[in-house]
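Shown here: input-v5.pdb, PDB, C-alpha atoms (C1' of nucleotides).
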```
MODEL        1
ATOM      1  CA  MET A   1    -121.677  11.461  54.235
ATOM      2  CA  ALA A   2    -125.236  12.104  55.284
ATOM      3  CA  TYR A   3    -127.662  10.445  57.656
ATOM      4  CA  TRP A   4    -131.306   9.663  57.025
ATOM      5  CA  LEU A   5    -134.306   8.091  58.656
ATOM      6  CA  ILE A   6    -136.570   5.757  56.739
ATOM      7  CA  LYS A   7    -139.902   4.539  58.026
ATOM      8  CA  SER A   8    -141.476   1.198  57.418
ATOM      9  CA  GLU A   9    -144.407  -0.639  58.863
ATOM     10  CA  PRO A  10    -142.920  -3.909  60.112
ATOM     11  CA  ASP A  11    -145.987  -5.779  58.874
ATOM     12  CA  VAL A  12    -145.002  -4.663  55.382
ATOM     13  CA  TYR A  13    -141.197  -4.771  55.656
ATOM     14  CA  SER A  14    -139.247  -5.020  58.898
ATOM     15  CA  ILE A  15    -135.608  -4.809  59.928
ATOM     16  CA  ASP A  16    -135.679  -8.608  60.210
ATOM     17  CA  ASP A  17    -136.851  -8.830  56.612
ATOM     18  CA  LEU A  18    -133.878  -6.682  55.601
ATOM     19  CA  ARG A  19    -131.488  -8.807  57.681
ATOM     20  CA  ARG A  20    -132.814 -11.856  55.833
ATOM     21  CA  ASP A  21    -132.651 -10.223  52.368
ATOM     22  CA  ARG A  22    -129.323  -8.495  53.139
ATOM     23  CA  GLN A  23    -130.235  -5.787  50.626
ATOM     24  CA  THR A  24    -133.317  -4.327  49.004
ATOM     25  CA  ILE A  25    -134.603  -1.620  46.712
ATOM     26  CA  TRP A  26    -136.492   0.858  48.874
ATOM     27  CA  ASP A  27    -139.518   0.880  46.604
ATOM     28  CA  GLY A  28    -143.032   2.196  47.012
ATOM     29  CA  VAL A  29    -142.366   5.745  48.170
ATOM     30  CA  ARG A  30    -145.021   7.896  46.512
ATOM     31  CA  ASN A  31    -144.574  11.248  48.115
ATOM     32  CA  TYR A  32    -142.629  13.953  46.324
ATOM     33  CA  GLN A  33    -140.883  15.372  49.362
ATOM     34  CA  ALA A  34    -139.746  11.906  50.396
ATOM     35  CA  ARG A  35    -138.657  11.147  46.848
ATOM     36  CA  ASN A  36    -136.602  14.314  46.738
ATOM     37  CA  PHE A  37    -134.749  13.184  49.842
ATOM     38  CA  LEU A  38    -134.209   9.766  48.276
ATOM     39  CA  ARG A  39    -132.667  11.467  45.259
ATOM     40  CA  GLN A  40    -130.229  13.301  47.515
ATOM     41  CA  MET A  41    -128.928  10.080  49.026
ATOM     42  CA  GLN A  42    -125.470   8.971  48.055
ATOM     43  CA  VAL A  43    -123.650   5.680  48.253
ATOM     44  CA  GLY A  44    -122.234   5.286  51.752
ATOM     45  CA  ASP A  45    -124.918   7.328  53.487
ATOM     46  CA  LEU A  46    -126.378   5.698  56.585
ATOM     47  CA  GLY A  47    -130.044   5.374  57.411
ATOM     48  CA  PHE A  48    -131.866   4.768  60.652
ATOM     49  CA  PHE A  49    -134.569   2.152  60.149
ATOM     50  CA  TYR A  50    -137.764   3.195  61.927
ATOM     51  CA  HIS A  51    -140.753   0.954  62.619
ATOM     52  CA  SER A  52    -144.053   2.813  62.312
ATOM     53  CA  ASN A  53    -147.622   1.769  62.983
ATOM     54  CA  THR A  54    -146.603  -0.853  65.490
ATOM     55  CA  SER A  55    -145.678  -1.274  69.097
ATOM     56  CA  PRO A  56    -143.185  -0.337  70.239
ATOM     57  CA  LEU A  57    -142.505   2.482  67.786
ATOM     58  CA  GLY A  58    -138.936   3.512  67.189
ATOM     59  CA  ILE A  59    -135.557   3.125  65.521
ATOM     60  CA  VAL A  60    -134.667  -0.540  65.251
ATOM     61  CA  GLY A  61    -131.500  -0.631  63.180
ATOM     62  CA  LEU A  62    -129.065   0.821  60.730
ATOM     63  CA  VAL A  63    -128.807   0.555  56.955
ATOM     64  CA  LYS A  64    -126.358   1.754  54.338
ATOM     65  CA  VAL A  65    -127.053   3.174  50.883
ATOM     66  CA  ILE A  66    -125.280   1.000  48.312
ATOM     67  CA  GLU A  67    -126.788   2.386  45.099
ATOM     68  CA  SER A  68    -128.280   5.802  44.372
ATOM     69  CA  ASP A  69    -130.674   7.107  41.727
ATOM     70  CA  VAL A  70    -132.424   3.772  41.335
ATOM     71  CA  ILE A  71    -135.563   3.874  39.204
ATOM     72  CA  ASP A  72    -138.339   2.366  41.315
ATOM     73  CA  PRO A  73    -139.449  -0.597  39.181
ATOM     74  CA  THR A  74    -142.830  -0.919  40.881
ATOM     75  CA  GLN A  75    -144.109   2.254  39.212
ATOM     76  CA  PHE A  76    -144.283   0.339  35.916
ATOM     77  CA  ASP A  77    -145.648  -2.897  37.377
ATOM     78  CA  SER A  78    -149.407  -2.981  36.961
ATOM     79  CA  ASN A  79    -149.589  -5.812  39.478
ATOM     80  CA  SER A  80    -147.850  -3.797  42.172
ATOM     81  CA  PRO A  81    -149.758  -1.786  44.766
ATOM     82  CA  TYR A  82    -147.272   0.964  43.954
ATOM     83  CA  TYR A  83    -148.090   1.004  40.226
ATOM     84  CA  ASP A  84    -148.302   4.540  38.861
ATOM     85  CA  PRO A  85    -150.100   4.638  35.500
ATOM     86  CA  LYS A  86    -148.999   8.233  35.006
ATOM     87  CA  SER A  87    -145.328   7.358  35.096
ATOM     88  CA  ILE A  88    -143.709   6.856  31.707
ATOM     89  CA  LEU A  89    -140.642   4.754  30.917
ATOM     90  CA  GLU A  90    -138.800   7.592  29.178
ATOM     91  CA  SER A  91    -139.046   9.860  32.197
ATOM     92  CA  PRO A  92    -139.728   7.916  35.366
ATOM     93  CA  ARG A  93    -141.351   9.777  38.189
ATOM     94  CA  TRP A  94    -140.177   7.731  41.163
ATOM     95  CA  PHE A  95    -136.557   7.218  42.110
ATOM     96  CA  THR A  96    -135.150   5.516  45.148
ATOM     97  CA  VAL A  97    -132.015   3.822  46.484
ATOM     98  CA  LYS A  98    -130.773   0.336  47.160
ATOM     99  CA  ILE A  99    -129.874  -0.268  50.782
ATOM    100  CA  GLU A 100    -128.107  -3.001  52.680
ATOM    101  CA  PHE A 101    -128.481  -4.252  56.219
ATOM    102  CA  VAL A 102    -125.875  -2.951  58.656
ATOM    103  CA  GLU A 103    -127.234  -3.888  62.057
ATOM    104  CA  ALA A 104    -130.332  -4.443  64.112
ATOM    105  CA  PHE A 105    -130.076  -2.676  67.447
ATOM    106  CA  THR A 106    -130.249  -5.016  70.422
ATOM    107  CA  GLN A 107    -132.515  -2.448  72.011
ATOM    108  CA  ILE A 108    -135.031  -0.368  70.093
ATOM    109  CA  ILE A 109    -134.687   3.390  70.494
ATOM    110  CA  THR A 110    -138.326   4.114  71.163
ATOM    111  CA  LEU A 111    -140.220   7.142  69.918
ATOM    112  CA  GLU A 112    -140.758   7.982  73.582
ATOM    113  CA  THR A 113    -136.980   8.105  74.090
ATOM    114  CA  LEU A 114    -136.490  10.131  70.928
ATOM    115  CA  LYS A 115    -139.051  12.656  72.111
ATOM    116  CA  ARG A 116    -137.322  12.898  75.460
ATOM    117  CA  GLU A 117    -133.851  13.412  74.019
ATOM    118  CA  PHE A 118    -134.505  15.500  70.930
ATOM    119  CA  SER A 119    -136.640  18.486  70.074
ATOM    120  CA  PRO A 120    -138.961  18.524  67.055
ATOM    121  CA  GLU A 121    -136.524  21.010  65.492
ATOM    122  CA  GLN A 122    -133.625  18.582  65.899
ATOM    123  CA  LEU A 123    -135.391  15.487  64.685
ATOM    124  CA  LEU A 124    -138.305  15.578  62.267
ATOM    125  CA  VAL A 125    -139.696  12.215  63.271
ATOM    126  CA  VAL A 126    -140.719  13.470  66.706
ATOM    127  CA  ARG A 127    -142.653  16.347  65.199
ATOM    128  CA  LYS A 128    -146.356  15.968  65.749
ATOM    129  CA  GLY A 129    -148.293  15.070  62.658
ATOM    130  CA  ASN A 130    -145.183  14.327  60.652
ATOM    131  CA  ARG A 131    -145.987  11.894  57.866
ATOM    132  CA  LEU A 132    -142.785  11.944  55.866
ATOM    133  CA  SER A 133    -141.455   8.436  55.363
ATOM    134  CA  VAL A 134    -137.958   9.552  54.392
ATOM    135  CA  MET A 135    -136.208  12.393  56.155
ATOM    136  CA  PRO A 136    -132.736  13.761  56.847
ATOM    137  CA  VAL A 137    -131.108  13.410  60.271
ATOM    138  CA  GLU A 138    -128.657  16.052  61.464
ATOM    139  CA  ILE A 139    -125.110  14.798  61.962
ATOM    140  CA  GLU A 140    -125.027  15.730  65.662
ATOM    141  CA  VAL A 141    -128.290  13.879  66.250
ATOM    142  CA  ALA A 142    -127.082  10.873  64.276
ATOM    143  CA  GLN A 143    -123.849  10.713  66.254
ATOM    144  CA  LYS A 144    -125.735  10.799  69.532
ATOM    145  CA  LEU A 145    -127.971   8.003  68.325
ATOM    146  CA  LEU A 146    -124.990   5.902  67.259
ATOM    147  CA  LEU A 147    -123.237   6.377  70.595
ATOM    148  CA  ARG A 148    -126.120   4.952  72.576
TER
ATOM    149  C1'  DG B   1    -161.010   2.610  66.228
ATOM    150  C1'  DC B   2    -160.330   7.495  66.312
ATOM    151  C1'  DC B   3    -158.709  11.464  64.467
ATOM    152  C1'  DA B   4    -155.067  15.191  63.531
ATOM    153  C1'  DA B   5    -152.293  16.456  60.037
ATOM    154  C1'  DC B   6    -151.283  16.505  56.129
ATOM    155  C1'  DG B   7    -151.016  15.582  50.488
ATOM    156  C1'  DT B   8    -153.700  15.043  46.321
ATOM    157  C1'  DT B   9    -157.501  15.623  43.248
ATOM    158  C1'  DG B  10    -160.676  17.891  40.588
ATOM    159  C1'  DG B  11    -164.447  21.277  39.907
ATOM    160  C1'  DC B  12    -164.846  25.887  39.113
TER
ATOM    161  C1'  DG C   1    -155.031  29.309  40.766
ATOM    162  C1'  DC C   2    -158.183  28.448  44.567
ATOM    163  C1'  DC C   3    -160.016  25.488  47.718
ATOM    164  C1'  DA C   4    -163.350  21.872  49.280
ATOM    165  C1'  DA C   5    -163.577  17.134  49.418
ATOM    166  C1'  DC C   6    -161.306  13.161  49.867
ATOM    167  C1'  DG C   7    -157.672   9.762  50.957
ATOM    168  C1'  DT C   8    -153.673   8.387  53.637
ATOM    169  C1'  DT C   9    -150.401   8.211  57.358
ATOM    170  C1'  DG C  10    -149.478   7.083  61.700
ATOM    171  C1'  DG C  11    -149.673   8.163  66.762
ATOM    172  C1'  DC C  12    -152.605   7.304  70.401
TER
ENDMDL
END
```

This structure in structure tokens:
Amino acid sequence: MAYWLIKSEPDVYSIDDLRRDRQTIWDGVRNYQARNFLRQMQVGDLGFFYHSNTSPLGIVGLVKVIESDVIDPTQFDSNSPYYDPKSILESPRWFTVKIEFVEAFTQIITLETLKREFSPEQLLVVRKGNRLSVMPVEIEVAQKLLLR
DNA sequence: GCCAACGTTGGC
DNA sequence: GCCAACGTTGGC
């Protein structure tokens, strides 16, 4: 079982939105490195839900992967902001996962805290200039985060 | 609002 | 295939 971190701008989709929906397809990722991580995810993996572009920044909850290798439907939807005209039905370009809500942390683990407790080598999200929206989290780091 | 740090695009 | 220009992400 692996651990991941997924970023979302709460104005677009927040942990409260996921609590309300209970589950969602993690659509709209249009970066190949992030997609490759999404393709590595397996059912049962846990993800830390991170709020970006907001205040306070940080990890706000936990999610679980409940379906892997999901074809992102928005790539074929010309009305979607994530529409990709270059993607063809026979060989889709963008894959993702379906996730479900596990919990919203009573206290956000702020980026400031993450920077204090983990090095950029341990945790990609604290690395300066990092723009990946989906990234792996080392088991030791994940366990420390879950014990907080 | 600024801008660093990328990723992507397209001319050559 | 190189790389300059451009666009986006996301912290500050």

- Query: Where does the PyMOL selection byres ((chain B) within 8 of (chain A)) land in this file, that is, which residues does it pick, as number ranges by chain?
  - Reply: B: 4-6

- Selection: 8 Å around A:Met135, all atoms listed in the file, excl. self and same-chain fewer than 2 positions, as a list in words: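 The residues that qualify are Trp4, Leu5, Ile6, Ala34, Phe37, Leu124, Val125, Leu132, Ser133 and Val137 of chain A.
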
- Could you jot down the atom C1' of B:DG11 to atom CA of A:Pro85 separation for me, Å, one decimal place?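 These two atoms are separated by 22.4 Å.
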
- Sel. within 10 Å of pt (-128.5, 12.5, 64.3), counting all atoms listed in the file, output as a VMD selection string: chain A and resid 2 to 5 48 118 122 to 123 136 to 146

- Message: Given only C-alpha atoms as the basis, pick out the residue of A:Pro92, A:Gly58, A:Pro81, A:Pro73 nearest to A:Gln107.
- Response: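 Distance minimum relative to A:Gln107 lands on A:Gly58.
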
First collect every listed atom of chain B; then fit an axis-aligned box around them, widen it by 3 Å on each side, and give centre and edge lengths in Å to one decimal, as JSON.
```
{"center_x": -157.9, "center_y": 14.2, "center_z": 52.7, "size_x": 19.8, "size_y": 29.3, "size_z": 33.2}
```

- Identify the residues around (-133.5, -0.6, 74.4) within a radius of 10 Å, measuring from only C-alpha atoms (C1' of nucleotides) in the coordinates stated by the file, and give them as a list in words. Gly58, Ile59, Val60, Phe105, Thr106, Gln107, Ile108, Ile109, Thr110, Thr113 and Arg148 of chain A

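Atom pair atom CA of A:Gln42 / atom CA of A:Leu89 has a distance of 23.3 Å (rounded to one decimal).
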
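Atom CA of A:Phe101 to atom CA of A:Ile15 spans 8.1 Å [interatomic distance, one decimal].
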
- Task: Name the closest residue to B:DT8 among the candidates A:Arg30, A:Val102, A:Leu147, A:Asp16; distances are taken between atoms, counting only C-alpha atoms (C1' of nucleotides).
- Result: A:Arg30

- Nearest residue to C:DC12 from the set A:Asn53, A:Ser119, A:Ser78, A:Ser91 (distances using all atoms listed in the file): A:Asn53
